[in-house]
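Chemist: Pasting upload_9.cif here (mmCIF, C-alpha atoms):
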data_coords
#
loop_
_atom_site.label_atom_id
_atom_site.label_comp_id
_atom_site.auth_asym_id
_atom_site.auth_seq_id
_atom_site.Cartn_x
_atom_site.Cartn_y
_atom_site.Cartn_z
CA MET U 1 -18.76 13.31 -8.81
CA ALA U 2 -17.52 9.92 -7.59
CA ALA U 3 -19.38 8.35 -4.68
CA ALA U 4 -17.66 8.41 -1.31
CA MET U 5 -16.04 5.15 -0.24
CA GLU U 6 -16.33 3.78 3.28
CA LEU U 7 -14.23 0.89 4.57
CA ARG U 8 -15.68 -1.01 7.50
CA CYS U 9 -12.88 -2.74 9.36
CA TRP U 10 -11.39 -3.59 12.73
CA GLY U 11 -9.65 -0.68 14.40
CA GLY U 12 -5.97 -0.14 15.03
CA ASP U 13 -3.52 -0.70 17.85
CA TRP U 14 0.16 -1.62 18.39
CA GLY U 15 1.11 1.29 16.12
CA LEU U 16 -0.92 -0.14 13.21
CA PRO U 17 -3.96 1.40 11.47
CA SER U 18 -5.71 -1.97 11.95
CA VAL U 19 -4.78 -5.13 13.81
CA HIS U 20 -6.74 -7.24 11.32
CA THR U 21 -4.69 -8.65 8.43
CA ASP U 22 -7.34 -8.34 5.70
CA SER U 23 -8.30 -4.83 6.81
CA LEU U 24 -4.64 -3.83 6.87
CA ILE U 25 -4.12 -5.09 3.30
CA VAL U 26 -6.96 -2.91 1.98
CA LEU U 27 -5.90 0.16 3.97
CA ALA U 28 -2.34 -0.16 2.70
CA TYR U 29 -3.34 -0.63 -0.94
CA ALA U 30 -5.78 2.28 -0.81
CA THR U 31 -3.03 4.50 0.57
CA PHE U 32 -0.51 3.31 -2.04
CA SER U 33 -2.95 3.98 -4.91
CA GLY U 34 -4.21 7.32 -3.64
CA ALA U 35 -7.79 6.15 -3.02
CA LYS U 36 -9.62 8.26 -0.47
CA LEU U 37 -11.38 5.95 1.94
CA THR U 38 -13.20 6.74 5.14
CA ALA U 39 -12.21 4.01 7.59
CA SER U 40 -15.10 3.13 9.90
CA PRO U 41 -14.01 0.72 12.65
CA ILE U 42 -16.70 -1.74 13.69
CA ASP U 43 -15.37 -1.64 17.26
CA TRP U 44 -18.12 -1.09 19.83
CA THR U 45 -20.93 -1.96 17.40
CA TRP U 46 -23.13 -5.02 16.93
CA LYS U 47 -21.40 -5.57 13.59
CA THR U 48 -18.47 -7.06 15.50
CA LEU U 49 -20.41 -10.33 15.43
CA THR U 50 -22.32 -10.15 12.15
CA ALA U 51 -20.20 -8.08 9.74
CA THR U 52 -17.83 -9.49 7.16
CA VAL U 53 -14.74 -7.31 7.37
CA PRO U 54 -13.21 -5.64 5.58
CA GLU U 55 -16.23 -4.35 3.66
CA LEU U 56 -15.99 -1.50 1.16
CA VAL U 57 -19.21 0.46 0.67
CA CYS U 58 -19.46 2.80 -2.32
CA GLY U 59 -22.91 4.08 -3.22
CA ASP U 60 -25.13 1.05 -3.69
CA SER U 61 -22.17 -1.34 -3.96
CA ALA U 62 -20.69 -3.36 -1.09
CA VAL U 63 -17.57 -5.44 -1.67
CA THR U 64 -15.84 -7.84 0.73
CA GLU U 65 -12.60 -9.84 0.64
CA PRO U 66 -9.27 -8.04 -0.03
CA SER U 67 -8.81 -9.34 -3.59
CA GLN U 68 -12.33 -8.24 -4.61
CA ILE U 69 -11.93 -4.84 -2.96
CA LEU U 70 -8.60 -4.26 -4.72
CA ASN U 71 -10.21 -5.15 -8.07
CA PHE U 72 -13.00 -2.70 -7.33
CA LEU U 73 -10.49 0.07 -6.57
CA ARG U 74 -8.64 -0.66 -9.81
CA LYS U 75 -11.89 -0.20 -11.75
CA GLN U 76 -12.19 3.19 -10.05
CA ARG U 77 -8.76 4.10 -11.52
CA PHE U 78 -6.87 3.56 -8.26
CA ASN U 79 -4.17 1.19 -9.43
CA ALA U 80 -0.93 0.71 -7.51
CA ASP U 81 0.15 -1.93 -10.06
CA TYR U 82 0.10 0.48 -12.98
CA GLU U 83 3.75 0.01 -13.95
CA LEU U 84 4.07 -3.75 -13.37
CA THR U 85 5.11 -5.97 -16.25
CA ALA U 86 3.27 -9.19 -17.08
CA ARG U 87 6.04 -11.17 -15.37
CA GLN U 88 5.80 -9.06 -12.23
CA GLY U 89 2.02 -9.45 -12.22
CA ALA U 90 2.42 -13.23 -12.34
CA ASP U 91 5.00 -13.10 -9.53
CA THR U 92 2.54 -11.04 -7.47
CA MET U 93 -0.16 -13.69 -7.78
CA ALA U 94 2.30 -16.44 -6.89
CA TYR U 95 3.57 -14.70 -3.76
CA ILE U 96 0.05 -13.86 -2.57
CA ALA U 97 -0.90 -17.54 -2.95
CA LEU U 98 2.24 -18.43 -0.98
CA LEU U 99 1.26 -16.06 1.83
CA GLU U 100 -2.23 -17.52 2.10
CA GLU U 101 -1.04 -21.13 1.97
CA LYS U 102 2.10 -20.98 4.10
CA LEU U 103 1.96 -17.94 6.39
CA LEU U 104 -1.74 -17.44 7.14
CA PRO U 105 -2.27 -20.74 9.05
CA ALA U 106 0.66 -19.92 11.35
CA LEU U 107 -0.68 -16.42 11.99
CA LEU U 108 -4.11 -17.80 12.84
CA HIS U 109 -2.52 -20.29 15.20
CA THR U 110 -0.28 -17.66 16.79
CA PHE U 111 -3.08 -15.21 17.59
CA TRP U 112 -6.12 -17.45 18.07
CA VAL U 113 -5.05 -20.99 18.95
CA ASP U 114 -1.91 -20.57 21.05
CA ALA U 115 -3.36 -20.59 24.57
CA GLU U 116 -0.97 -18.04 26.10
CA ASN U 117 -1.29 -15.51 23.29
CA TYR U 118 -5.07 -15.89 23.13
CA ALA U 119 -5.57 -15.48 26.87
CA ASN U 120 -3.19 -12.55 27.34
CA LEU U 121 -3.45 -10.57 24.08
CA THR U 122 -6.01 -11.59 21.46
CA ARG U 123 -9.06 -12.30 23.60
CA PRO U 124 -8.70 -9.20 25.84
CA TRP U 125 -8.19 -6.94 22.82
CA PHE U 126 -11.26 -8.08 20.88
CA ALA U 127 -13.40 -8.30 24.03
CA SER U 128 -12.53 -4.71 24.92
CA ARG U 129 -13.60 -3.57 21.43
CA SER U 130 -16.98 -5.33 21.49
CA PRO U 131 -20.13 -4.11 23.27
CA PHE U 132 -21.76 -6.08 26.07
CA PRO U 133 -22.77 -8.91 25.83
CA LEU U 134 -20.88 -9.52 22.58
CA ASN U 135 -17.57 -9.11 24.40
CA PHE U 136 -18.13 -12.66 25.69
CA LEU U 137 -19.05 -14.06 22.27
CA VAL U 138 -16.90 -12.33 19.64
CA PRO U 139 -13.44 -13.63 20.67
CA SER U 140 -14.55 -17.23 21.07
CA CYS U 141 -16.46 -17.10 17.77
CA LEU U 142 -13.42 -15.76 15.91
CA ALA U 143 -11.19 -18.35 17.58
CA LYS U 144 -13.44 -21.18 16.38
CA ILE U 145 -13.39 -19.80 12.84
CA ALA U 146 -9.58 -19.61 12.91
CA LEU U 147 -9.23 -23.18 14.19
CA SER U 148 -11.66 -24.51 11.58
CA ARG U 149 -9.78 -22.76 8.80
CA ILE U 150 -6.46 -24.24 9.92
CA LEU U 151 -7.82 -27.76 10.12
CA LEU U 152 -9.63 -27.36 6.80
CA THR U 153 -6.44 -26.38 4.96
CA LYS U 154 -3.80 -28.29 6.93
CA GLY U 155 -5.57 -31.12 8.74
CA GLU U 156 -5.15 -33.69 6.00
CA SER U 157 -5.25 -37.37 6.88
CA PRO U 158 -3.72 -38.68 9.08
CA LEU U 159 -3.29 -35.20 10.74
CA HIS U 160 -6.72 -34.48 12.21
CA ARG U 161 -5.86 -32.58 15.41
CA ILE U 162 -4.28 -29.17 15.80
CA THR U 163 -1.40 -30.53 17.89
CA GLU U 164 -0.46 -32.80 15.00
CA VAL U 165 -0.16 -29.96 12.48
CA GLU U 166 1.60 -27.31 14.58
CA GLY U 167 5.10 -28.36 13.54
CA LYS U 168 4.24 -28.36 9.84
CA ILE U 169 2.44 -25.00 10.10
CA TYR U 170 5.38 -23.17 11.66
CA SER U 171 7.94 -24.84 9.43
CA ASP U 172 6.04 -23.67 6.34
CA ALA U 173 5.62 -20.16 7.76
CA LYS U 174 9.34 -19.75 8.48
CA GLU U 175 10.15 -20.94 4.98
CA CYS U 176 7.70 -18.39 3.57
CA LEU U 177 9.26 -15.55 5.58
CA ASN U 178 12.72 -16.60 4.38
CA LEU U 179 11.59 -16.53 0.75
CA LEU U 180 10.03 -13.08 1.19
CA SER U 181 13.20 -11.79 2.84
CA TYR U 182 15.35 -13.16 0.03
CA ARG U 183 13.06 -11.70 -2.64
CA LEU U 184 12.98 -8.25 -1.00
CA GLY U 185 16.74 -8.09 -0.52
CA THR U 186 17.98 -4.56 0.16
CA GLU U 187 15.10 -2.80 -1.62
CA ASN U 188 12.37 -0.79 0.09
CA TYR U 189 9.62 -2.46 -1.97
CA PHE U 190 9.27 -5.67 -3.95
CA PHE U 191 9.01 -4.06 -7.40
CA GLY U 192 10.85 -0.82 -8.04
CA ASN U 193 10.59 2.41 -6.06
CA SER U 194 6.84 2.39 -5.43
CA PRO U 195 4.73 -0.06 -3.38
CA THR U 196 2.28 -2.34 -5.18
CA SER U 197 -0.43 -4.82 -4.23
CA LEU U 198 2.22 -7.37 -3.24
CA ASP U 199 3.67 -4.88 -0.76
CA ALA U 200 0.16 -4.35 0.64
CA PHE U 201 -0.37 -8.10 1.14
CA VAL U 202 3.06 -8.69 2.70
CA PHE U 203 2.56 -5.68 4.98
CA GLY U 204 -0.88 -6.91 6.04
CA PHE U 205 0.44 -10.37 6.89
CA VAL U 206 3.76 -9.45 8.47
CA ALA U 207 3.10 -6.16 10.30
CA PRO U 208 0.79 -7.58 13.04
CA LEU U 209 3.32 -10.32 13.76
CA HIS U 210 6.05 -7.68 13.91
CA LYS U 211 4.21 -5.17 16.12
CA ALA U 212 2.09 -7.26 18.51
CA SER U 213 3.40 -7.83 22.03
CA LEU U 214 3.02 -11.60 21.95
CA PRO U 215 3.86 -13.47 25.17
CA SER U 216 4.81 -16.58 23.20
CA SER U 217 5.75 -16.72 19.53
CA PRO U 218 8.63 -18.64 17.93
CA LEU U 219 7.45 -17.22 14.59
CA GLN U 220 7.83 -13.65 15.83
CA SER U 221 11.33 -14.48 17.08
CA HIS U 222 12.19 -15.83 13.63
CA LEU U 223 10.80 -12.70 11.94
CA ARG U 224 12.96 -10.44 14.08
CA GLN U 225 16.03 -12.13 12.66
CA LEU U 226 14.98 -10.97 9.17
CA ASP U 227 15.89 -7.30 9.46
CA ASN U 228 14.83 -6.32 5.96
CA LEU U 229 11.23 -7.50 6.52
CA THR U 230 10.87 -5.65 9.82
CA CYS U 231 12.40 -2.52 8.24
CA PHE U 232 9.97 -2.96 5.33
CA CYS U 233 7.02 -2.73 7.75
CA ASP U 234 8.50 0.17 9.69
CA ASN U 235 9.19 2.08 6.47
CA ILE U 236 5.60 1.74 5.22
CA LEU U 237 4.24 2.84 8.59
CA ALA U 238 6.54 5.87 8.64
CA VAL U 239 5.95 6.95 5.04
CA TYR U 240 2.25 6.17 4.56
CA PHE U 241 0.63 6.02 8.01
CA SER U 242 2.62 8.47 10.11
CA SER U 243 0.77 11.54 11.40
CA SER U 244 3.56 13.68 9.93
CA HIS U 245 2.68 12.32 6.47
CA PRO U 246 -1.13 12.58 6.37
CA CYS U 247 -1.37 12.91 2.59
CA PRO U 248 -0.39 9.83 0.58
CA PRO U 249 1.49 10.36 -2.66
CA PRO U 250 -0.76 10.40 -5.74
CA PRO U 251 -0.87 7.46 -8.16
CA VAL U 252 1.90 7.14 -10.71
CA GLN U 253 -0.26 8.12 -13.69
CA GLU U 254 -1.64 11.21 -11.95
CA THR U 255 1.88 12.25 -10.97
CA MET U 256 3.07 11.94 -14.57
CA ASP U 257 0.10 13.95 -15.85
CA ALA U 258 0.61 16.66 -13.24
CA ASN U 259 4.31 16.95 -13.99
CA LEU U 260 3.62 17.14 -17.72
CA GLN U 261 1.06 19.87 -17.16
CA LYS U 262 3.47 21.90 -15.03
CA LEU U 263 6.23 21.53 -17.63
CA THR U 264 3.88 22.64 -20.40
CA GLN U 265 2.81 25.69 -18.40
CA LEU U 266 6.44 26.60 -17.72
CA VAL U 267 7.40 26.31 -21.40
CA ASN U 268 4.42 28.43 -22.45
CA LYS U 269 5.25 31.05 -19.85
CA GLU U 270 8.85 31.29 -21.00
CA SER U 271 7.80 31.47 -24.65
CA ASN U 272 5.44 34.36 -23.90
CA LEU U 273 8.18 36.16 -21.99
CA ILE U 274 10.62 35.80 -24.88
CA GLU U 275 8.03 37.12 -27.35
CA LYS U 276 7.40 40.18 -25.18
CA MET U 277 11.11 40.92 -24.96
CA ASP U 278 11.45 40.69 -28.75
CA ASP U 279 8.50 43.07 -29.26
CA ASN U 280 10.02 45.59 -26.86
CA LEU U 281 13.36 45.47 -28.63
CA ARG U 282 11.75 46.04 -32.01
CA SER U 283 9.67 49.02 -30.84
CA SER U 284 12.46 50.78 -28.92
CA PRO U 285 14.32 53.51 -30.99
CA GLN U 286 17.62 52.95 -29.26
CA HIS U 287 17.52 49.35 -30.25
CA LYS U 288 16.76 49.88 -33.93
CA PRO U 289 19.25 48.03 -36.07
CA HIS U 290 22.10 50.21 -37.46
CA ARG U 291 22.06 50.52 -41.22
CA PRO U 292 25.49 51.32 -42.74
CA ASP U 293 25.82 54.05 -45.40
CA PRO U 294 25.57 52.68 -48.87
CA LYS U 295 28.90 52.03 -50.50
CA PRO U 296 29.71 54.79 -53.03
CA SER U 297 29.69 53.79 -56.64
CA LEU U 298 32.82 53.56 -58.72
CA ALA U 299 31.75 56.58 -60.85
CA SER U 300 31.33 58.86 -57.84
CA GLU U 301 34.71 57.80 -56.51
CA LYS U 302 36.36 58.81 -59.82
CA SER U 303 34.60 62.19 -59.91
CA SER U 304 35.77 63.05 -56.43
CA THR U 305 39.37 62.18 -57.19
CA PRO U 306 41.57 65.34 -57.92
CA ALA U 307 43.13 65.61 -61.36
#
Could I get this file's structure written as structure tokens?
Modeler:
Amino acid sequence: MAAAMELRCWGGDWGLPSVHTDSLIVLAYATFSGAKLTASPIDWTWKTLTATVPELVCGDSAVTEPSQILNFLRKQRFNADYELTARQGADTMAYIALLEEKLLPALLHTFWVDAENYANLTRPWFASRSPFPLNFLVPSCLAKIALSRILLTKGESPLHRITEVEGKIYSDAKECLNLLSYRLGTENYFFGNSPTSLDAFVFGFVAPLHKASLPSSPLQSHLRQLDNLTCFCDNILAVYFSSSHPCPPPPVQETMDANLQKLTQLVNKESNLIEKMDDNLRSSPQHKPHRPDPKPSLASEKSSTPA
């Protein structure tokens, strides 16, 4: 029996199962692949300050970081990328790198550095989900981490201050959203009729920006002009996270195996039924085959003919 899997993550709000991008990526992929996880929010625990989230715990194993957790799930035969071609797999890696390079810095700035958003939305939310006295420490600690990450990736010389990189950050993020919108087009998912790891990453990055009630966000205003991306998020929420759809669809391979098994059972059942009908027809007197009288021989015909 497989060990139970527990995902430690930040809790949900704004109509999302989690407000945390990395946690949302893992939750989405697990749902797409049919993995049964027990989500354990770290809200109201001391782990709000010390834990690395998301963290997947399975038996004696503990895995962090979305990419590592997804690899772990694949090894457990939960693979949402089962039908991807090599080219699509390469495209997936390229788009995920694009999200992390172009969109992530703008999201960190929007939620953690923008003064109005931080004071009115981000800080109150995380403070209300942290126990005393950590409610004073957790938001400011996370804000410092976000600022350091932005400056580390975007603060190249001569741009050393956050005010000097804001324009570049948001320009790159809007370009990234445009590329994603163009790639998605009129489809529900990025590759075929089923969501994959790329859909999980895009959902994790875009959904909080789409659903949060941000007092100030030019990036959110730009996103709302891209109807297919907002519909993409709404569709995943409705199909995979709605209370009216509590059971996610099984993985592709399991679905194929189940359908093949049902078809085999149906064929066997019909074959048995046909054999029983044939046996009944053979044993029934009224259905015995009619045997015609043997044709009289030429000699008997001549003897019966009058002279």
Chemist: For the file shown, what are the residues hit by the PyMOL selection byres ((chain U and resi 128-135) around 8), laid out as a VMD selection string?
Modeler: chain U and resid 43 to 46 48 to 49 124 to 127 136 to 139
Chemist: Have a look at U:Pro54, U:Gly15, U:Pro66, U:Pro41 and name the one nearest to Ser197 in chain U; count all atoms listed in the file.
Modeler: U:Pro66
Chemist: Record the distance separating CA of Ser221 in chain U and CA of Ala207 in chain U, expressed in Å with one decimal.
Modeler: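 CA of Ala207 in chain U lies at a distance of 13.5 Å from CA of Ser221 in chain U.
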Chemist: So, with all atoms listed in the file as the atoms that count, which of U:Leu70, U:Leu84, U:Val202, U:Leu226 lies closest to Leu104 in chain U?
Modeler: U:Val202
Chemist: Taking the file as shown, find all residues satisfying the PyMOL selection byres ((chain U and resi 107) around 10) and write them as a PyMOL selection string.
Modeler: chain U and resi 21+102-106+108-113+146+150+169-170+173+205-206+208-209+217+219-220
Chemist: Run the PyMOL selection byres ((chain U and resi 64) around 12) on the file and write out the hits as JSON, numbers by chain.
Modeler: {"U": [6, 7, 8, 9, 22, 23, 26, 51, 52, 53, 54, 55, 56, 57, 58, 61, 62, 63, 65, 66, 67, 68, 69, 70, 71, 72]}
Chemist: Do you have the CA of Ser18 in chain U-CA of Phe201 in chain U distance handy?
Modeler: 13.5 Å
